[in-house]
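Heads up: the structure comes next, in structure tokens.
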2 protein chains.
Amino acid sequence: MTKLYGIGVGPGDSELLTMKAVKALQSLDIIYTPFAHKGQRSVAEKIASPYFKADLVIKRRHFPMTLDLTEKEKSWKVIVSEIIDDVKAGHNVGFITLGDPSVYSTYSYLLDLIDHQIPVETIAGISSFQQIAAATSIPLVLDDELLEVIPATADMSLIEKAVDINDNVVLMKVATHWSEIFGLLASKKLLGQAIVISNASMANQQSFKVAELTKETKLPYFSTLILKKKYQF
Amino acid sequence: MTKLYGIGVGPGDSELLTMKAVKALQSLDIIYTPFAHKGQRSVAEKIASPYFKADLVIKRRHFPMTLDLTEKEKSWKVIVSEIIDDVKAGHNVGFITLGDPSVYSTYSYLLDLIDHQIPVETIAGISSFQQIAAATSIPLVLDDELLEVIPATADMSLIEKAVDINDNVVLMKVATHWSEIFGLLASKKLLGQAIVISNASMANQQSFKVAELTKETKLPYFSTLILKKKYQF
């Protein structure tokens with residue numbers, strides 16, 4: 001029976017896919033992959049491409065990067081209906097996502113719209129924050145400690161509460177809200193306890209001690225901050 | 001140059017290792033693996049063993065399961081000194097951990113004790129909670145939402161605070177503190193919003209709707225709870 005595979009391709013290095021993800025990729029007839037701007041290959045596609053079969057049909061589709069949910073849903077519905085048709089026509093179909101498909105991924109919305117009309121298998125991937133911990137050999141969380149994962153787009157009062165109760169905080173995509181995040185950490189005297197890693201496991205990976213940055217620093221789009229209150233970076 | 005590889009083997013299914021983890025395993029001369037009771041193969045060893053070279057030297061070592069940190073450190077120091085000797089003698093050495101070596105792993109303590117005396121490479125693995133989300137095709141976290149990961153051994157007042165501010169909570173190893181955890185969720189009328197998965201991705205995986213359990217339920221040791229306030233299980 002054919003199905004849709006939702007495949008996490010990890011943060012950047014093609015070796016960070018699981019064996020299961022590679023096996024699923026190699027069983028595909030068709031792959032759907034997002035691009036934000038017409039004609040560009042997505043980062044996820046570049047990561048997964050070493051495992052593509054020669055005759056794999058690649059369907060690059062536009063996923064609008066807008067805050068307008070109605071506009072996004074309109075595009076998603078078209079893609080979902082294509083995917084359903086392809087699976088029902090007897091093809092194994094894949095949808096690839098950067099990192100883990102269960103962690104801040106458009107895939108979750110597609111699943112909602114698919115609403116059990118076709119069989120689906122989700123394959124976990126390594127998240128950027130896990131790779132950052134691995135690359136720096138810094139534990140994310142130990143013993144009885146808590147770990148909080150927060151997108152920098154969340155409400156600042158909620159981010160503040162989360163920073164207050166947790167020893168370990170991962171702040172995702174901090175670039176667009178850097179000035180507020182930096183200000184919060186400065187006000188709590190936590191600048192020395194935080195690092196930022198940009199483009200984790202990609203060729204252009206960079207790391208920054210937050211204490212050496214300023215409110216004005218321009219960070220790359222894929223930038224993740226790790227705060228560890230018991231650490232000194 | 002030889003080194004120590006800290007390798008995450010994922011939650012149970014041998015296909016959930018990354019390509020990088022498999023490549024590292026195949027480059028090893030010696031592997032260190034924990035067992036809790038003398039003579040038993042650890043779960044991590046069973047998961048990784050399909051990738052062992054025929055001449056791999058397996059050094060099973062005892063990691064005491066005690067709350068006495070001094071006793072644990074005594075054992076760890078002996079193992080770390082063995083590992084350092086093996087790497088300095090020109091061997092590639094591996095240490096395998098269930099899940100991700102950066103998430104609640106003894107590996108972090110070994111790293112502390114190794115204290116840069118030998119080169120180390122850490123390889124991320126899929127955590128049980130990621131696999132649970134994948135297996136059930138339930139997103140862990142979306143949009144501006146927060147995700148909290150808490151060990152059930154943490155202070156109950158802290159767990160309560162974390163449950164209050166987060167839409168998505170992963171409670172690790174809930175079996176030993178089930179009665180308190182169940183009580184907390186019941187008091188907040190959140191039983192219907194939680195599931196427990198035991199032995200994720202292993203042959204004996206089980207899942208339970210928390211609303212169908214009681215304070216007295218005996219859960220398997222490897223049991224993880226996922227609370228999603230916006231969901232109804």
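By convention in this document, the chains of the structure tokens carry letters A, B, ... by their order, each chain's residues are numbered from 1, and ligands are numbered from 1 in the order they are shown.
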
Given a cut-off of 8 Å, which residues of chain A touch chain B, counting only C-alpha atoms, written out as a PDB file with N, CA and C atoms, in the first residue's frame?
ATOM      1  N   GLU A  15      24.468  13.606   6.568  1.00  0.00           N
ATOM      2  CA  GLU A  15      24.699  12.396   7.377  1.00  0.00           C
ATOM      3  C   GLU A  15      23.840  12.374   8.637  1.00  0.00           C
ATOM      4  N   LEU A  16      23.108  13.463   8.891  1.00  0.00           N
ATOM      5  CA  LEU A  16      22.267  13.493  10.092  1.00  0.00           C
ATOM      6  C   LEU A  16      20.850  12.978   9.838  1.00  0.00           C
ATOM      7  N   LEU A  17      20.587  12.465   8.637  1.00  0.00           N
ATOM      8  CA  LEU A  17      19.323  11.738   8.436  1.00  0.00           C
ATOM      9  C   LEU A  17      19.430  10.377   9.109  1.00  0.00           C
ATOM     10  N   THR A  18      18.298   9.851   9.574  1.00  0.00           N
ATOM     11  CA  THR A  18      18.314   8.494  10.128  1.00  0.00           C
ATOM     12  C   THR A  18      18.319   7.476   8.976  1.00  0.00           C
ATOM     13  N   MET A  19      18.706   6.249   9.299  1.00  0.00           N
ATOM     14  CA  MET A  19      18.660   5.150   8.328  1.00  0.00           C
ATOM     15  C   MET A  19      17.232   4.999   7.785  1.00  0.00           C
ATOM     16  N   LYS A  20      16.269   5.166   8.714  1.00  0.00           N
ATOM     17  CA  LYS A  20      14.858   5.027   8.343  1.00  0.00           C
ATOM     18  C   LYS A  20      14.446   6.103   7.325  1.00  0.00           C
ATOM     19  N   ASP A 100      13.092  18.269  12.510  1.00  0.00           N
ATOM     20  CA  ASP A 100      12.149  17.216  12.897  1.00  0.00           C
ATOM     21  C   ASP A 100      10.741  17.637  12.456  1.00  0.00           C
ATOM     22  N   PRO A 101      10.011  16.770  11.750  1.00  0.00           N
ATOM     23  CA  PRO A 101       8.672  17.164  11.285  1.00  0.00           C
ATOM     24  C   PRO A 101       7.678  17.454  12.411  1.00  0.00           C
ATOM     25  N   SER A 102       8.001  17.065  13.656  1.00  0.00           N
ATOM     26  CA  SER A 102       7.079  17.314  14.772  1.00  0.00           C
ATOM     27  C   SER A 102       7.380  18.622  15.507  1.00  0.00           C
ATOM     28  N   VAL A 103       8.453  19.292  15.110  1.00  0.00           N
ATOM     29  CA  VAL A 103       8.897  20.484  15.828  1.00  0.00           C
ATOM     30  C   VAL A 103       8.837  21.699  14.896  1.00  0.00           C
ATOM     31  N   TYR A 104       7.829  22.528  15.079  1.00  0.00           N
ATOM     32  CA  TYR A 104       7.642  23.756  14.288  1.00  0.00           C
ATOM     33  C   TYR A 104       7.715  23.512  12.787  1.00  0.00           C
ATOM     34  N   SER A 105       6.905  22.585  12.279  1.00  0.00           N
ATOM     35  CA  SER A 105       6.959  22.308  10.842  1.00  0.00           C
ATOM     36  C   SER A 105       5.591  22.473  10.175  1.00  0.00           C
ATOM     37  N   SER A 108       2.899  19.600   9.986  1.00  0.00           N
ATOM     38  CA  SER A 108       1.795  19.384  10.929  1.00  0.00           C
ATOM     39  C   SER A 108       0.472  19.910  10.376  1.00  0.00           C
ATOM     40  N   LEU A 111      -0.764  17.547   7.663  1.00  0.00           N
ATOM     41  CA  LEU A 111      -1.381  16.366   8.295  1.00  0.00           C
ATOM     42  C   LEU A 111      -2.823  16.639   8.688  1.00  0.00           C
ATOM     43  N   GLU A 121       3.133   8.081   7.233  1.00  0.00           N
ATOM     44  CA  GLU A 121       4.172   7.671   8.190  1.00  0.00           C
ATOM     45  C   GLU A 121       5.120   8.844   8.411  1.00  0.00           C
ATOM     46  N   THR A 122       5.290   9.220   9.690  1.00  0.00           N
ATOM     47  CA  THR A 122       6.162  10.339  10.029  1.00  0.00           C
ATOM     48  C   THR A 122       7.499   9.798  10.529  1.00  0.00           C
ATOM     49  N   ILE A 123       8.588  10.358  10.029  1.00  0.00           N
ATOM     50  CA  ILE A 123       9.919   9.884  10.409  1.00  0.00           C
ATOM     51  C   ILE A 123      10.684  11.032  11.065  1.00  0.00           C
ATOM     52  N   ALA A 124      11.031  10.820  12.333  1.00  0.00           N
ATOM     53  CA  ALA A 124      11.658  11.872  13.137  1.00  0.00           C
ATOM     54  C   ALA A 124      13.022  12.274  12.583  1.00  0.00           C
ATOM     55  N   GLY A 125      13.408  13.521  12.848  1.00  0.00           N
ATOM     56  CA  GLY A 125      14.728  14.018  12.442  1.00  0.00           C
ATOM     57  C   GLY A 125      15.402  14.738  13.597  1.00  0.00           C
ATOM     58  N   ILE A 126      16.697  14.953  13.460  1.00  0.00           N
ATOM     59  CA  ILE A 126      17.453  15.685  14.484  1.00  0.00           C
ATOM     60  C   ILE A 126      17.115  17.178  14.362  1.00  0.00           C
ATOM     61  N   GLN A 130      19.390  20.077  19.012  1.00  0.00           N
ATOM     62  CA  GLN A 130      20.115  18.859  19.400  1.00  0.00           C
ATOM     63  C   GLN A 130      21.499  18.845  18.756  1.00  0.00           C
ATOM     64  N   GLN A 131      21.558  19.283  17.491  1.00  0.00           N
ATOM     65  CA  GLN A 131      22.820  19.282  16.782  1.00  0.00           C
ATOM     66  C   GLN A 131      23.792  20.301  17.380  1.00  0.00           C
ATOM     67  N   ALA A 133      23.901  21.150  20.535  1.00  0.00           N
ATOM     68  CA  ALA A 133      24.421  20.530  21.756  1.00  0.00           C
ATOM     69  C   ALA A 133      25.504  19.513  21.395  1.00  0.00           C
ATOM     70  N   ALA A 134      25.245  18.705  20.362  1.00  0.00           N
ATOM     71  CA  ALA A 134      26.220  17.685  19.966  1.00  0.00           C
ATOM     72  C   ALA A 134      27.508  18.332  19.464  1.00  0.00           C
ATOM     73  N   ALA A 135      27.371  19.338  18.599  1.00  0.00           N
ATOM     74  CA  ALA A 135      28.552  19.950  17.973  1.00  0.00           C
ATOM     75  C   ALA A 135      29.443  20.625  19.012  1.00  0.00           C
ATOM     76  N   SER A 137      29.383  19.703  22.225  1.00  0.00           N
ATOM     77  CA  SER A 137      29.487  18.761  23.354  1.00  0.00           C
ATOM     78  C   SER A 137      29.051  19.402  24.677  1.00  0.00           C
ATOM     79  N   ILE A 138      27.990  20.190  24.606  1.00  0.00           N
ATOM     80  CA  ILE A 138      27.383  20.780  25.808  1.00  0.00           C
ATOM     81  C   ILE A 138      26.042  20.082  26.043  1.00  0.00           C
ATOM     82  N   PRO A 139      25.836  19.478  27.218  1.00  0.00           N
ATOM     83  CA  PRO A 139      24.549  18.812  27.450  1.00  0.00           C
ATOM     84  C   PRO A 139      23.396  19.814  27.405  1.00  0.00           C
ATOM     85  N   LEU A 140      22.275  19.400  26.809  1.00  0.00           N
ATOM     86  CA  LEU A 140      21.097  20.256  26.823  1.00  0.00           C
ATOM     87  C   LEU A 140      20.450  20.249  28.184  1.00  0.00           C
ATOM     88  N   VAL A 141      20.387  19.046  28.803  1.00  0.00           N
ATOM     89  CA  VAL A 141      19.635  18.930  30.051  1.00  0.00           C
ATOM     90  C   VAL A 141      20.095  17.676  30.791  1.00  0.00           C
ATOM     91  N   LEU A 142      20.163  17.797  32.121  1.00  0.00           N
ATOM     92  CA  LEU A 142      20.711  16.762  32.983  1.00  0.00           C
ATOM     93  C   LEU A 142      19.811  16.503  34.180  1.00  0.00           C
ATOM     94  N   ASP A 143      19.854  15.272  34.699  1.00  0.00           N
ATOM     95  CA  ASP A 143      19.250  14.983  36.006  1.00  0.00           C
ATOM     96  C   ASP A 143      17.794  15.427  36.128  1.00  0.00           C
ATOM     97  N   ASP A 144      17.531  16.261  37.127  1.00  0.00           N
ATOM     98  CA  ASP A 144      16.169  16.719  37.396  1.00  0.00           C
ATOM     99  C   ASP A 144      15.870  18.043  36.711  1.00  0.00           C
ATOM    100  N   GLU A 145      16.774  18.484  35.831  1.00  0.00           N
ATOM    101  CA  GLU A 145      16.591  19.785  35.197  1.00  0.00           C
ATOM    102  C   GLU A 145      15.466  19.771  34.173  1.00  0.00           C
ATOM    103  N   LEU A 146      14.946  20.982  33.878  1.00  0.00           N
ATOM    104  CA  LEU A 146      13.921  21.160  32.857  1.00  0.00           C
ATOM    105  C   LEU A 146      14.561  21.771  31.614  1.00  0.00           C
ATOM    106  N   LEU A 147      13.972  21.489  30.476  1.00  0.00           N
ATOM    107  CA  LEU A 147      14.420  22.078  29.207  1.00  0.00           C
ATOM    108  C   LEU A 147      13.228  22.735  28.534  1.00  0.00           C
ATOM    109  N   GLU A 148      13.390  23.995  28.182  1.00  0.00           N
ATOM    110  CA  GLU A 148      12.295  24.691  27.506  1.00  0.00           C
ATOM    111  C   GLU A 148      12.733  25.077  26.103  1.00  0.00           C
ATOM    112  N   VAL A 149      11.857  24.817  25.122  1.00  0.00           N
ATOM    113  CA  VAL A 149      12.109  25.229  23.746  1.00  0.00           C
ATOM    114  C   VAL A 149      11.086  26.315  23.391  1.00  0.00           C
ATOM    115  N   ILE A 150      11.585  27.475  22.997  1.00  0.00           N
ATOM    116  CA  ILE A 150      10.715  28.632  22.749  1.00  0.00           C
ATOM    117  C   ILE A 150      11.055  29.262  21.409  1.00  0.00           C
ATOM    118  N   PRO A 151      10.054  29.570  20.594  1.00  0.00           N
ATOM    119  CA  PRO A 151      10.345  30.370  19.398  1.00  0.00           C
ATOM    120  C   PRO A 151      10.419  31.838  19.818  1.00  0.00           C
ATOM    121  N   ALA A 152      11.368  32.543  19.274  1.00  0.00           N
ATOM    122  CA  ALA A 152      11.552  33.946  19.673  1.00  0.00           C
ATOM    123  C   ALA A 152      10.348  34.807  19.303  1.00  0.00           C
ATOM    124  N   THR A 153       9.443  34.248  18.475  1.00  0.00           N
ATOM    125  CA  THR A 153       8.219  34.957  18.090  1.00  0.00           C
ATOM    126  C   THR A 153       7.127  34.890  19.166  1.00  0.00           C
ATOM    127  N   ALA A 154       7.343  34.115  20.218  1.00  0.00           N
ATOM    128  CA  ALA A 154       6.326  34.003  21.274  1.00  0.00           C
ATOM    129  C   ALA A 154       6.220  35.317  22.032  1.00  0.00           C
ATOM    130  N   ASP A 155       5.156  35.433  22.808  1.00  0.00           N
ATOM    131  CA  ASP A 155       4.930  36.623  23.618  1.00  0.00           C
ATOM    132  C   ASP A 155       6.076  36.814  24.620  1.00  0.00           C
ATOM    133  N   LEU A 158       5.711  35.667  28.203  1.00  0.00           N
ATOM    134  CA  LEU A 158       5.772  34.211  28.332  1.00  0.00           C
ATOM    135  C   LEU A 158       7.239  33.749  28.275  1.00  0.00           C
ATOM    136  N   LYS A 161       8.762  34.414  31.647  1.00  0.00           N
ATOM    137  CA  LYS A 161       8.361  33.409  32.654  1.00  0.00           C
ATOM    138  C   LYS A 161       9.145  32.122  32.460  1.00  0.00           C
ATOM    139  N   ALA A 162       9.251  31.696  31.189  1.00  0.00           N
ATOM    140  CA  ALA A 162       9.940  30.447  30.878  1.00  0.00           C
ATOM    141  C   ALA A 162      11.421  30.537  31.250  1.00  0.00           C
ATOM    142  N   ILE A 165      11.815  30.101  35.121  1.00  0.00           N
ATOM    143  CA  ILE A 165      11.676  28.805  35.812  1.00  0.00           C
ATOM    144  C   ILE A 165      12.608  27.712  35.286  1.00  0.00           C
TER     145      ILE A 165
END

Can you tell me, as a list in words, what residues are no more than 7 Å from His91 in chain A when counting only C-alpha atoms, ignoring any on the same chain fewer than 2 positions away? Thr2, Asp29, Asp86, Val87, Ala89 and Val93 of chain A

Given the selection you just returned, output its residues as a file containing C-alpha atoms, formatted as an mmCIF file, in the first residue's frame.
data_model
loop_
_atom_site.group_PDB
_atom_site.id
_atom_site.type_symbol
_atom_site.label_atom_id
_atom_site.label_comp_id
_atom_site.auth_asym_id
_atom_site.auth_seq_id
_atom_site.Cartn_x
_atom_site.Cartn_y
_atom_site.Cartn_z
ATOM 1 C CA THR A 2 1.429 3.384 -0.921
ATOM 2 C CA ASP A 29 8.185 7.851 -6.480
ATOM 3 C CA ASP A 86 -0.667 10.933 -6.058
ATOM 4 C CA VAL A 87 -0.911 8.455 -3.164
ATOM 5 C CA ALA A 89 -2.875 6.761 -7.826
ATOM 6 C CA VAL A 93 5.032 10.217 -1.827
#

Can you list, as a PDB file with N, CA and C atoms, in the first residue's frame, every protein, DNA or RNA residue that comes within 12 Å of Gly192 in chain B when you count only C-alpha atoms, leaving out same-chain residues fewer than 5 positions away?
ATOM      1  N   PHE B 182      -0.335  11.984  37.872  1.00  0.00           N
ATOM      2  CA  PHE B 182      -1.750  11.788  37.552  1.00  0.00           C
ATOM      3  C   PHE B 182      -2.602  12.764  38.369  1.00  0.00           C
ATOM      4  N   LEU B 185      -2.403  16.358  36.963  1.00  0.00           N
ATOM      5  CA  LEU B 185      -3.182  16.544  35.729  1.00  0.00           C
ATOM      6  C   LEU B 185      -4.675  16.500  36.023  1.00  0.00           C
ATOM      7  N   ALA B 186      -5.072  15.622  36.949  1.00  0.00           N
ATOM      8  CA  ALA B 186      -6.491  15.533  37.316  1.00  0.00           C
ATOM      9  C   ALA B 186      -6.954  16.851  37.930  1.00  0.00           C
ATOM     10  N   PHE B 208      -1.229   4.686  25.901  1.00  0.00           N
ATOM     11  CA  PHE B 208      -2.365   4.780  26.817  1.00  0.00           C
ATOM     12  C   PHE B 208      -2.920   6.201  26.790  1.00  0.00           C
ATOM     13  N   LYS B 209      -4.241   6.319  26.701  1.00  0.00           N
ATOM     14  CA  LYS B 209      -4.861   7.630  26.940  1.00  0.00           C
ATOM     15  C   LYS B 209      -4.890   7.830  28.453  1.00  0.00           C
ATOM     16  N   VAL B 210      -4.405   8.960  28.920  1.00  0.00           N
ATOM     17  CA  VAL B 210      -4.295   9.158  30.369  1.00  0.00           C
ATOM     18  C   VAL B 210      -5.677   9.166  31.022  1.00  0.00           C
ATOM     19  N   ALA B 211      -6.683   9.647  30.301  1.00  0.00           N
ATOM     20  CA  ALA B 211      -8.049   9.679  30.841  1.00  0.00           C
ATOM     21  C   ALA B 211      -8.568   8.277  31.157  1.00  0.00           C
ATOM     22  N   GLU B 212      -7.959   7.267  30.544  1.00  0.00           N
ATOM     23  CA  GLU B 212      -8.407   5.881  30.789  1.00  0.00           C
ATOM     24  C   GLU B 212      -7.556   5.187  31.856  1.00  0.00           C
ATOM     25  N   LEU B 213      -6.589   5.905  32.446  1.00  0.00           N
ATOM     26  CA  LEU B 213      -5.739   5.324  33.491  1.00  0.00           C
ATOM     27  C   LEU B 213      -6.219   5.792  34.867  1.00  0.00           C
ATOM     28  N   ILE B 226       2.948  12.806  27.060  1.00  0.00           N
ATOM     29  CA  ILE B 226       2.867  14.053  26.294  1.00  0.00           C
ATOM     30  C   ILE B 226       1.540  14.728  26.603  1.00  0.00           C
ATOM     31  N   LEU B 227       1.644  15.966  27.079  1.00  0.00           N
ATOM     32  CA  LEU B 227       0.467  16.782  27.369  1.00  0.00           C
ATOM     33  C   LEU B 227       0.363  17.848  26.293  1.00  0.00           C
ATOM     34  N   LYS B 228      -0.792  17.902  25.630  1.00  0.00           N
ATOM     35  CA  LYS B 228      -1.017  18.969  24.633  1.00  0.00           C
ATOM     36  C   LYS B 228      -2.355  19.614  24.961  1.00  0.00           C
ATOM     37  N   LYS B 229      -2.297  20.802  25.530  1.00  0.00           N
ATOM     38  CA  LYS B 229      -3.525  21.419  26.043  1.00  0.00           C
ATOM     39  C   LYS B 229      -4.554  21.687  24.954  1.00  0.00           C
ATOM     40  N   LYS B 230      -4.080  21.884  23.710  1.00  0.00           N
ATOM     41  CA  LYS B 230      -5.024  22.198  22.633  1.00  0.00           C
ATOM     42  C   LYS B 230      -5.570  20.942  21.947  1.00  0.00           C
ATOM     43  N   TYR B 231      -5.172  19.754  22.444  1.00  0.00           N
ATOM     44  CA  TYR B 231      -5.582  18.485  21.837  1.00  0.00           C
ATOM     45  C   TYR B 231      -6.602  17.767  22.713  1.00  0.00           C
ATOM     46  N   GLN B 232      -7.329  16.852  22.100  1.00  0.00           N
ATOM     47  CA  GLN B 232      -8.188  15.951  22.868  1.00  0.00           C
ATOM     48  C   GLN B 232      -7.815  14.541  22.420  1.00  0.00           C
ATOM     49  N   PHE B 233      -7.268  13.744  23.326  1.00  0.00           N
ATOM     50  CA  PHE B 233      -6.836  12.394  22.910  1.00  0.00           C
ATOM     51  C   PHE B 233      -7.968  11.378  23.064  1.00  0.00           C
TER      52      PHE B 233
END

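Atom pair CA of Asn204 in chain B / CA of Ser223 in chain B has a distance of 11.7 Å (rounded to one decimal).
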
If you run DSSP on this backbone, which residues of range 86-208 of chain A come out as strand (DSSP E), and could you give them as a VMD selection string? chain A and resid 93 to 97 120 to 123 147 to 151 168 to 172 194 to 198 206 to 208

Could you find all residues in range 73-212 of chain A that DSSP calls alpha helix (DSSP H) from the backbone, and write them as number ranges by chain? A: 73-88, 107-114, 128-136, 156-165, 178-187

Shell around Asp55 in chain A at 10 Å using only C-alpha atoms, local window under 3 positions removed, as a list in words: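 Answer for this query is Leu28, Asp29, Ile30, Phe52 and Ile58 of chain A.
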
Any chance you can output those residues with C-alpha atoms as a PDB file, in the first residue's frame?
ATOM      1  CA  LEU A  28       9.683   7.287  -3.051  1.00  0.00           C
ATOM      2  CA  ASP A  29       8.185   7.851  -6.480  1.00  0.00           C
ATOM      3  CA  ILE A  30       7.432  11.526  -5.886  1.00  0.00           C
ATOM      4  CA  PHE A  52      17.216  10.667  -4.280  1.00  0.00           C
ATOM      5  CA  ILE A  58      10.496  16.297  -7.598  1.00  0.00           C
TER       6      ILE A  58
END
